[in-house]
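Trainee: Contents of run30.txt (compact mmCIF, C-alpha atoms and all ligand atoms) are below:
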# COMPACT_ATOMS: atom_id res chain seq x y z
CA MET U 1 0.00 0.00 0.00
CA THR U 2 1.38 3.45 -0.89
CA LYS U 3 1.47 6.40 1.46
CA ALA U 4 -1.95 7.54 0.29
CA LEU U 5 -3.56 10.73 1.57
CA ARG U 6 -7.13 10.18 2.74
CA ALA U 7 -9.62 13.03 2.42
CA GLY U 8 -9.29 14.06 6.05
CA PRO U 9 -8.04 12.81 9.39
CA ILE U 10 -9.76 10.14 11.46
CA VAL U 11 -11.21 11.66 14.62
CA VAL U 12 -11.81 9.49 17.68
CA ASN U 13 -13.60 11.04 20.65
CA VAL U 14 -12.80 10.14 24.26
CA ALA U 15 -16.27 10.46 25.78
CA LEU U 16 -15.61 11.62 29.33
CA ALA U 17 -18.52 13.69 30.61
CA GLY U 18 -17.49 17.35 30.77
CA ARG U 19 -13.91 16.50 29.71
CA ALA U 20 -14.44 14.83 26.34
CA TYR U 21 -11.69 15.35 23.77
CA ASP U 22 -10.73 14.39 20.25
CA ILE U 23 -7.80 12.33 19.01
CA VAL U 24 -7.03 13.52 15.48
CA ILE U 25 -5.21 10.83 13.51
CA GLY U 26 -3.77 11.44 10.07
CA ARG U 27 -0.76 12.10 7.90
CA GLY U 28 -0.08 15.84 8.19
CA SER U 29 -2.55 16.44 11.04
CA LEU U 30 0.08 18.53 12.89
CA SER U 31 -0.82 21.33 10.47
CA SER U 32 -4.20 21.66 12.23
CA LEU U 33 -2.70 22.09 15.71
CA GLY U 34 -2.95 25.90 15.73
CA THR U 35 -6.46 26.19 14.34
CA ARG U 36 -7.76 23.45 16.62
CA ILE U 37 -6.24 25.10 19.70
CA ALA U 38 -7.59 28.51 18.66
CA ALA U 39 -11.04 26.95 18.27
CA LEU U 40 -10.88 25.22 21.66
CA ARG U 41 -9.25 28.03 23.68
CA ALA U 42 -9.50 31.35 21.87
CA GLY U 43 -6.71 33.73 22.89
CA ALA U 44 -4.71 31.13 24.84
CA ALA U 45 -0.91 31.14 24.70
CA ALA U 46 0.92 27.79 24.45
CA LEU U 47 4.15 26.48 25.86
CA ILE U 48 5.66 23.51 24.05
CA VAL U 49 7.56 20.94 26.11
CA THR U 50 9.76 18.76 23.93
CA ASP U 51 13.13 16.99 23.93
CA GLU U 52 16.32 17.83 22.04
CA ASN U 53 15.80 15.15 19.36
CA ILE U 54 12.20 16.05 18.62
CA ALA U 55 13.03 19.77 18.75
CA ARG U 56 15.50 19.27 15.90
CA LEU U 57 12.89 17.48 13.79
CA HIS U 58 9.55 19.11 14.53
CA LEU U 59 9.75 22.18 16.77
CA THR U 60 9.98 24.76 13.99
CA ALA U 61 6.96 23.26 12.24
CA ALA U 62 4.97 23.23 15.51
CA HIS U 63 5.73 26.91 16.23
CA GLY U 64 4.90 27.71 12.59
CA VAL U 65 1.39 26.24 12.65
CA LEU U 66 0.68 27.93 15.99
CA ARG U 67 1.90 31.30 14.69
CA ALA U 68 -0.26 30.91 11.58
CA ALA U 69 -3.31 30.57 13.84
CA ASN U 70 -2.23 33.52 16.04
CA VAL U 71 -1.43 31.28 19.02
CA ARG U 72 1.58 32.75 20.89
CA SER U 73 4.09 30.00 21.70
CA SER U 74 7.32 29.41 23.60
CA GLU U 75 9.21 26.26 24.51
CA ILE U 76 11.07 24.21 27.11
CA VAL U 77 13.50 21.66 25.69
CA ILE U 78 14.59 18.77 27.92
CA ALA U 79 17.18 16.02 27.48
CA PRO U 80 15.80 12.90 25.73
CA GLY U 81 15.35 9.62 27.60
CA GLU U 82 13.70 8.05 30.60
CA GLN U 83 16.09 9.89 32.97
CA SER U 84 14.08 13.04 32.30
CA LYS U 85 11.07 11.59 34.13
CA SER U 86 12.73 12.73 37.36
CA TRP U 87 11.93 15.15 40.20
CA ARG U 88 14.76 17.39 38.96
CA VAL U 89 13.49 17.76 35.38
CA PHE U 90 9.90 17.96 36.63
CA GLU U 91 10.91 20.95 38.78
CA THR U 92 12.68 22.56 35.79
CA VAL U 93 9.52 22.20 33.67
CA CYS U 94 7.18 23.52 36.40
CA GLU U 95 9.44 26.51 37.10
CA GLY U 96 9.76 27.07 33.33
CA LEU U 97 5.97 27.16 32.95
CA LEU U 98 5.75 29.81 35.65
CA ALA U 99 8.73 31.78 34.31
CA ALA U 100 6.99 31.84 30.91
CA ARG U 101 4.04 33.45 32.74
CA LEU U 102 1.56 30.82 31.63
CA GLU U 103 -1.82 31.78 33.07
CA ARG U 104 -4.74 29.55 34.02
CA GLY U 105 -6.37 29.87 30.57
CA ASP U 106 -3.15 29.06 28.70
CA LEU U 107 -1.94 25.61 27.82
CA VAL U 108 0.96 23.22 27.62
CA ILE U 109 1.73 21.21 24.49
CA ALA U 110 3.59 17.92 24.98
CA LEU U 111 5.46 17.39 21.70
CA GLY U 112 7.34 14.09 21.91
CA GLY U 113 7.20 10.45 22.92
CA GLY U 114 5.98 8.86 26.13
CA VAL U 115 8.59 10.52 28.35
CA VAL U 116 7.68 14.05 27.23
CA GLY U 117 3.95 13.27 27.36
CA ASP U 118 4.06 11.84 30.89
CA LEU U 119 6.31 14.59 32.24
CA ALA U 120 4.62 17.58 30.57
CA GLY U 121 1.18 16.18 31.40
CA PHE U 122 2.10 15.84 35.07
CA ALA U 123 3.55 19.38 35.16
CA ALA U 124 0.31 20.63 33.57
CA ALA U 125 -1.69 18.70 36.19
CA VAL U 126 -0.08 20.53 39.11
CA ALA U 127 1.28 23.92 37.90
CA ARG U 128 -1.17 26.64 38.94
CA ARG U 129 -3.30 23.74 40.30
CA GLY U 130 -3.96 22.52 36.79
CA LEU U 131 -3.40 23.80 33.27
CA ASP U 132 -4.93 22.44 30.09
CA TYR U 133 -2.61 20.49 27.86
CA VAL U 134 -2.49 19.03 24.37
CA GLN U 135 -0.66 15.84 23.45
CA VAL U 136 1.25 15.70 20.16
CA PRO U 137 2.78 12.20 20.34
CA THR U 138 5.73 11.61 18.01
CA SER U 139 6.26 7.90 18.78
CA LEU U 140 4.06 4.94 17.85
CA LEU U 141 3.78 4.03 21.54
CA GLY U 142 2.62 7.59 22.24
CA GLN U 143 0.08 7.61 19.43
CA VAL U 144 -1.58 4.31 20.35
CA ASP U 145 -1.31 4.33 24.11
CA SER U 146 0.46 6.80 26.37
CA SER U 147 -0.93 10.08 24.99
CA VAL U 148 -4.53 8.91 25.44
CA GLY U 149 -6.28 8.42 28.75
CA GLY U 150 -4.74 10.99 31.07
CA LYS U 151 -2.14 8.94 32.94
CA THR U 152 0.75 11.32 33.71
CA ALA U 153 3.78 10.54 35.86
CA ILE U 154 7.43 10.75 36.71
CA ASN U 155 9.58 7.97 38.17
CA SER U 156 10.72 7.55 41.77
CA SER U 157 13.77 5.75 43.11
CA HIS U 158 11.17 3.16 44.20
CA GLY U 159 9.92 2.50 40.68
CA LYS U 160 8.53 3.67 37.38
CA ASN U 161 5.51 6.02 37.19
CA LEU U 162 4.96 6.03 40.95
CA ILE U 163 4.45 9.82 41.24
CA GLY U 164 1.70 11.10 39.03
CA ALA U 165 -1.88 12.14 38.45
CA PHE U 166 -4.81 11.44 36.18
CA HIS U 167 -5.11 14.57 34.03
CA GLN U 168 -6.85 14.34 30.68
CA PRO U 169 -5.58 16.37 27.70
CA ILE U 170 -8.02 18.62 25.81
CA LEU U 171 -6.80 17.36 22.43
CA VAL U 172 -4.47 14.73 20.96
CA ILE U 173 -2.93 15.25 17.52
CA ALA U 174 -1.45 11.99 16.18
CA ASP U 175 0.32 12.93 12.96
CA THR U 176 1.27 9.58 11.47
CA ALA U 177 3.87 11.21 9.17
CA LEU U 178 5.96 12.04 12.27
CA LEU U 179 6.56 8.29 12.64
CA ASP U 180 8.45 8.18 9.32
CA THR U 181 11.60 9.45 11.06
CA LEU U 182 11.56 6.81 13.83
CA PRO U 183 14.38 4.25 13.88
CA PRO U 184 12.92 0.84 12.86
CA ARG U 185 13.71 -0.66 16.26
CA GLU U 186 11.70 2.04 18.02
CA PHE U 187 8.75 1.67 15.64
CA ARG U 188 8.79 -2.12 16.17
CA SER U 189 8.91 -1.63 19.91
CA GLY U 190 5.83 0.63 19.78
CA TYR U 191 4.10 -1.97 17.63
CA ALA U 192 3.95 -4.32 20.63
CA GLU U 193 1.34 -1.98 22.13
CA VAL U 194 -0.62 -2.13 18.86
CA VAL U 195 -0.82 -5.94 18.94
CA LYS U 196 -1.87 -5.68 22.57
CA TYR U 197 -5.25 -4.18 21.58
CA GLY U 198 -5.98 -7.15 19.31
CA LEU U 199 -4.97 -9.66 21.94
CA LEU U 200 -6.87 -8.11 24.78
CA GLY U 201 -10.23 -7.59 23.14
CA ASP U 202 -10.42 -7.73 19.35
CA ALA U 203 -9.45 -10.98 17.62
CA SER U 204 -10.37 -9.67 14.16
CA PHE U 205 -7.97 -6.73 14.65
CA PHE U 206 -5.22 -9.21 15.58
CA PHE U 207 -5.87 -11.21 12.40
CA TRP U 208 -5.97 -7.98 10.35
CA LEU U 209 -2.57 -7.04 11.81
CA ASP U 210 -1.22 -10.50 11.08
CA ALA U 211 -2.15 -9.97 7.41
CA ASN U 212 -1.32 -6.24 7.12
CA TRP U 213 1.56 -5.44 9.46
CA HIS U 214 4.00 -4.89 6.57
CA GLU U 215 1.74 -2.16 5.17
CA MET U 216 1.26 -0.71 8.61
CA PHE U 217 5.03 -0.42 9.03
CA ALA U 218 5.36 1.11 5.53
CA GLY U 219 2.92 3.95 6.28
CA GLY U 220 -0.21 5.14 4.51
CA GLU U 221 -3.76 4.16 5.29
CA ALA U 222 -2.96 0.82 6.95
CA ARG U 223 -0.95 2.72 9.55
CA GLU U 224 -3.73 5.24 10.13
CA HIS U 225 -6.30 2.46 10.37
CA ALA U 226 -4.23 0.53 12.93
CA ILE U 227 -3.58 3.61 15.06
CA SER U 228 -7.23 4.62 14.95
CA MET U 229 -8.33 1.10 15.99
CA CYS U 230 -6.02 1.25 19.02
CA CYS U 231 -7.30 4.72 19.92
CA ARG U 232 -10.93 3.61 19.56
CA HIS U 233 -10.31 0.68 21.92
CA LYS U 234 -8.42 2.79 24.41
CA ALA U 235 -10.98 5.64 24.27
CA ALA U 236 -13.82 3.19 24.97
CA ILE U 237 -12.01 1.58 27.90
CA VAL U 238 -10.98 4.94 29.40
CA ALA U 239 -14.52 6.31 29.05
CA ARG U 240 -15.84 3.31 31.03
CA ASP U 241 -13.03 3.08 33.61
CA GLU U 242 -10.96 6.26 33.72
CA ARG U 243 -9.29 5.51 37.09
CA GLU U 244 -8.47 1.84 36.49
CA ASN U 245 -10.91 0.39 38.99
CA GLY U 246 -11.63 -2.51 36.64
CA GLU U 247 -11.28 -3.15 32.94
CA ARG U 248 -8.58 -0.51 32.28
CA ALA U 249 -6.22 -3.01 33.90
CA LEU U 250 -6.57 -5.07 30.69
CA LEU U 251 -4.30 -2.47 29.05
CA ASN U 252 -1.54 -3.95 31.20
CA PHE U 253 -1.57 -7.18 29.15
CA GLY U 254 2.02 -8.43 29.03
CA HIS U 255 3.13 -5.71 31.44
CA THR U 256 3.66 -7.68 34.66
CA PHE U 257 6.25 -9.93 33.01
CA GLY U 258 7.38 -7.11 30.72
CA HIS U 259 8.03 -4.51 33.44
CA ALA U 260 10.10 -7.03 35.40
CA PHE U 261 12.37 -7.71 32.39
CA GLU U 262 12.56 -4.01 31.56
CA ALA U 263 13.57 -3.21 35.14
CA ALA U 264 16.05 -6.12 35.26
CA CYS U 265 17.72 -4.57 32.18
CA GLY U 266 17.92 -1.20 33.94
CA PHE U 267 15.34 0.49 31.64
CA SER U 268 18.16 0.71 29.11
CA ASP U 269 18.61 0.22 25.37
CA ARG U 270 19.29 -3.43 26.15
CA LEU U 271 15.52 -4.00 26.14
CA LEU U 272 13.15 -1.23 25.02
CA HIS U 273 9.75 -0.90 26.70
CA GLY U 274 7.82 -2.39 23.77
CA GLU U 275 10.32 -5.22 23.36
CA ALA U 276 9.77 -6.09 27.03
CA ILE U 277 6.00 -5.95 26.48
CA GLY U 278 6.28 -8.18 23.39
CA LEU U 279 8.19 -10.72 25.45
CA GLY U 280 5.70 -10.25 28.31
CA MET U 281 2.76 -10.97 26.00
CA ALA U 282 4.47 -14.08 24.60
CA LEU U 283 4.92 -15.31 28.18
CA ALA U 284 1.36 -14.33 29.17
CA VAL U 285 -0.19 -16.43 26.37
CA GLN U 286 2.07 -19.39 27.19
CA PHE U 287 1.26 -19.09 30.88
CA SER U 288 -2.46 -18.94 29.99
CA ALA U 289 -2.05 -22.08 27.87
CA ARG U 290 -0.19 -23.85 30.68
CA ARG U 291 -3.15 -23.10 32.98
CA GLY U 292 -5.47 -24.71 30.41
CA LEU U 293 -7.18 -21.41 29.59
CA LEU U 294 -6.02 -20.95 26.02
CA PRO U 295 -5.39 -23.55 23.29
CA MET U 296 -1.62 -23.92 22.71
CA ALA U 297 -2.31 -23.36 18.99
CA ASP U 298 -3.53 -19.81 19.80
CA ALA U 299 -0.46 -19.12 21.94
CA ASP U 300 1.75 -20.39 19.10
CA ARG U 301 -0.06 -18.15 16.60
CA VAL U 302 0.50 -15.05 18.77
CA ILE U 303 4.16 -15.92 19.28
CA ALA U 304 4.65 -16.54 15.55
CA HIS U 305 3.24 -13.07 14.80
CA LEU U 306 5.43 -11.31 17.38
CA ALA U 307 8.50 -13.17 16.10
CA ALA U 308 7.68 -12.37 12.44
CA VAL U 309 7.64 -8.68 13.30
CA GLY U 310 11.00 -9.06 15.03
CA LEU U 311 9.98 -8.71 18.66
CA PRO U 312 11.63 -10.96 21.24
CA THR U 313 9.44 -13.88 22.33
CA GLN U 314 11.92 -15.91 24.40
CA ILE U 315 13.82 -14.91 27.52
CA LYS U 316 17.09 -16.11 25.99
CA GLU U 317 16.75 -13.41 23.29
CA ILE U 318 17.39 -10.65 25.84
CA PRO U 319 20.76 -9.16 24.82
CA GLY U 320 23.36 -9.96 27.47
CA GLY U 321 21.48 -13.06 28.61
CA ALA U 322 18.51 -13.93 30.79
CA PRO U 323 18.24 -12.07 34.10
CA LYS U 324 18.39 -14.30 37.20
CA LEU U 325 15.12 -15.96 38.24
CA ASP U 326 15.19 -14.48 41.75
CA THR U 327 15.76 -10.98 40.32
CA ILE U 328 12.69 -11.36 38.10
CA MET U 329 10.56 -12.81 40.90
CA ASN U 330 11.64 -10.01 43.21
CA LEU U 331 10.66 -7.41 40.61
CA ILE U 332 7.31 -9.11 39.94
CA GLY U 333 6.69 -9.12 43.69
CA GLN U 334 7.29 -5.36 43.89
CA ASP U 335 4.77 -4.69 41.18
CA LYS U 336 1.77 -2.51 42.09
CA LYS U 337 -0.44 -5.54 41.48
CA VAL U 338 0.46 -7.72 44.48
CA GLN U 339 -2.34 -8.32 46.99
CA ARG U 340 -1.95 -10.59 50.05
CA GLY U 341 0.77 -12.65 48.40
CA LYS U 342 -1.28 -13.32 45.26
CA LEU U 343 -0.19 -11.81 41.98
CA THR U 344 -2.43 -10.13 39.46
CA PHE U 345 -1.85 -10.99 35.82
CA ILE U 346 -3.76 -10.28 32.65
CA LEU U 347 -4.35 -13.71 31.11
CA ALA U 348 -6.22 -14.86 28.01
CA ARG U 349 -9.01 -17.37 27.32
CA GLY U 350 -8.49 -16.85 23.59
CA ILE U 351 -7.07 -14.33 21.14
CA GLY U 352 -9.05 -11.17 21.93
CA ALA U 353 -10.37 -12.56 25.22
CA ALA U 354 -8.11 -11.26 27.99
CA PHE U 355 -9.21 -11.05 31.61
CA VAL U 356 -7.78 -9.94 34.94
CA ALA U 357 -6.64 -12.89 37.12
CA ARG U 358 -6.10 -11.82 40.73
CA ASP U 359 -5.34 -15.22 42.17
CA VAL U 360 -2.02 -16.24 40.65
CA ASP U 361 0.40 -18.00 43.00
CA ALA U 362 3.96 -16.71 42.94
CA ALA U 363 5.21 -20.34 43.08
CA GLU U 364 3.36 -21.19 39.87
CA VAL U 365 4.88 -18.17 38.11
CA GLU U 366 8.31 -19.07 39.43
CA SER U 367 8.22 -22.65 38.14
CA PHE U 368 6.93 -21.42 34.74
CA LEU U 369 9.74 -18.86 34.45
CA ALA U 370 12.36 -21.36 35.63
CA GLU U 371 11.31 -23.64 32.74
CA LYS U 372 11.48 -20.75 30.26
CA ILE U 373 14.87 -19.54 31.48
CA SER U 374 16.44 -22.99 31.31
CA LYS U 375 15.05 -23.59 27.77
CA ARG U 376 17.88 -23.51 25.22
N1 LIG P 1 -1.01 2.39 29.36
C1 LIG P 1 -2.00 1.85 30.18
C2 LIG P 1 -3.11 2.78 30.51
O1 LIG P 1 -3.16 3.88 29.99
O2 LIG P 1 -3.95 2.46 31.31
As structure tokens, please, write out the structure in this file.
Mentor:
Amino acid sequence: MTKALRAGPIVVNVALAGRAYDIVIGRGSLSSLGTRIAALRAGAAALIVTDENIARLHLTAAHGVLRAANVRSSEIVIAPGEQSKSWRVFETVCEGLLAARLERGDLVIALGGGVVGDLAGFAAAVARRGLDYVQVPTSLLGQVDSSVGGKTAINSSHGKNLIGAFHQPILVIADTALLDTLPPREFRSGYAEVVKYGLLGDASFFFWLDANWHEMFAGGEAREHAISMCCRHKAAIVARDERENGERALLNFGHTFGHAFEAACGFSDRLLHGEAIGLGMALAVQFSARRGLLPMADADRVIAHLAAVGLPTQIKEIPGGAPKLDTIMNLIGQDKKVQRGKLTFILARGIGAAFVARDVDAAEVESFLAEKISKR
């Protein structure tokens, strides 16, 4: 499929009473940022938070479309990488918002990947007791997951995303052309979160991805379709369970295993977030099959898809070797999802039929992982 231009963007609405907002998905949709902001908040000034890499690629264009719509804009540029989700950089951003004299009616624009979105969103949640903000995600992970739903956070020495707030954006602009400049490894890593939506609740989307992932990687309408499907699923879940009291937990499919491997690798380039989630999902379907919940043929089909795309599906594929079993078990035990010694996992009864299991014994997980680690 070529990089075709459709007539207009796809707009998905997140239907939260009194705080509903649009996700605008399309090649070139960044060009509408200024006019959409002017329509939503007439007269507001905007402060763009971005990182050095994204600033080089897209900051001039972002200021340009704001200027064209008479939206005054300034910027704060942070260092790229997970290290910026810290108290220190958070303070710099909050002080920068105040130094730029942003008033209550003004807004913050998070232009970047998940790190920028989480950090800028959290600063917007607390500066002046709450400023509006707009998400302009520039990574695939950002466009299909982290920019939607209002989870904002920084990291603590005790773990990832432990300091944060729910604060919904007023608009998300997902310009799919911005993904053209992503390194292939980063795009592939974000793709793990795309597959997640098929696995957790939409088997036909999984099978569509299995048939069309090449086109989705190449760009054009298949990419827009896939991103809009993820956003539709996420918007529906968030509208029903904004604060993760129930079904929003399904979005953590693959994350309990995945976070443990990501943490064991020091949140480094050794294993990117999406690679850890791909591996986590491969383990989650195998664990589900081992419990007799899911036919092994379904687990094999999921694993074959992840492997075809180039995501790791076996622990031995982690560069530098498998982390030690007790390290992984320790990290799983520290997860937010432990209750009275029982672990919570998202498991599957079929492709597209995930559910929250709150009764998983640590010993059962340990023997499963021991088998997987020793497998050559
Ligand atoms: N990324 C998971 C969630 O937004 O709930």
Trainee: Step by step, measure atom-to-atom distances between ligand LIG 1 (chain P) and each residue using all atoms listed in the file, keep those at most 9 Å, then write them as a list in words.
Mentor: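 These are the residues that qualify: Asp145, Ser146, Ser147, Val148, Gly149, Gly150, Lys151, Glu193, Lys234, Ile237, Val238, Glu242, Arg243, Glu244, Arg248, Ala249, Leu250, Leu251 and Asn252 of chain U.
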Trainee: Taking into account all atoms listed in the file, which residue in the set U:Ile23, U:Leu283, U:Leu311, U:Ile78 is nearest to Ala299 of chain U?
Mentor: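 When distances to Ala299 of chain U are compared using all atoms listed in the file, the smallest one comes from U:Leu283.
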Trainee: Would you kindly return, as an MDAnalysis selection string, each protein, DNA or RNA residue with an atom no farther than 12 Å from any atom of segment 14-21 of chain U, considering all atoms listed in the file and excluding same-chain residues fewer than 5 positions away?
Mentor: chainID U and resid 36:37 40 132:135 147:150 167:173 231:243
Trainee: Once you have the residues from the selection above, write them out as a tab-separated table (two decimals), in the coordinates of the input, restricted to C-alpha atoms.
Mentor:
chain	number	residue	atom	x	y	z
U	36	ARG	CA	-7.76	23.45	16.62
U	37	ILE	CA	-6.24	25.10	19.70
U	40	LEU	CA	-10.88	25.22	21.66
U	132	ASP	CA	-4.93	22.44	30.09
U	133	TYR	CA	-2.61	20.49	27.86
U	134	VAL	CA	-2.49	19.03	24.37
U	135	GLN	CA	-0.66	15.84	23.45
U	147	SER	CA	-0.93	10.08	24.99
U	148	VAL	CA	-4.53	8.91	25.44
U	149	GLY	CA	-6.28	8.42	28.75
U	150	GLY	CA	-4.74	10.99	31.07
U	167	HIS	CA	-5.11	14.57	34.03
U	168	GLN	CA	-6.85	14.34	30.68
U	169	PRO	CA	-5.58	16.37	27.70
U	170	ILE	CA	-8.02	18.62	25.81
U	171	LEU	CA	-6.80	17.36	22.43
U	172	VAL	CA	-4.47	14.73	20.96
U	173	ILE	CA	-2.93	15.25	17.52
U	231	CYS	CA	-7.30	4.72	19.92
U	232	ARG	CA	-10.93	3.61	19.56
U	233	HIS	CA	-10.31	0.68	21.92
U	234	LYS	CA	-8.42	2.79	24.41
U	235	ALA	CA	-10.98	5.64	24.27
U	236	ALA	CA	-13.82	3.19	24.97
U	237	ILE	CA	-12.01	1.58	27.90
U	238	VAL	CA	-10.98	4.94	29.40
U	239	ALA	CA	-14.52	6.31	29.05
U	240	ARG	CA	-15.84	3.31	31.03
U	241	ASP	CA	-13.03	3.08	33.61
U	242	GLU	CA	-10.96	6.26	33.72
U	243	ARG	CA	-9.29	5.51	37.09
Trainee: Taking only C-alpha atoms into account, name the residue in U:Val116, U:Met329, U:Ile163, U:Val71 that is nearest to Thr35 of chain U.
Mentor: U:Val71
Trainee: Which residue out of U:Asp180, U:Glu215, U:Glu82, U:Glu221 has the minimum interatomic distance to Ser156 of chain U when all atoms listed in the file are used?
Mentor: U:Glu82
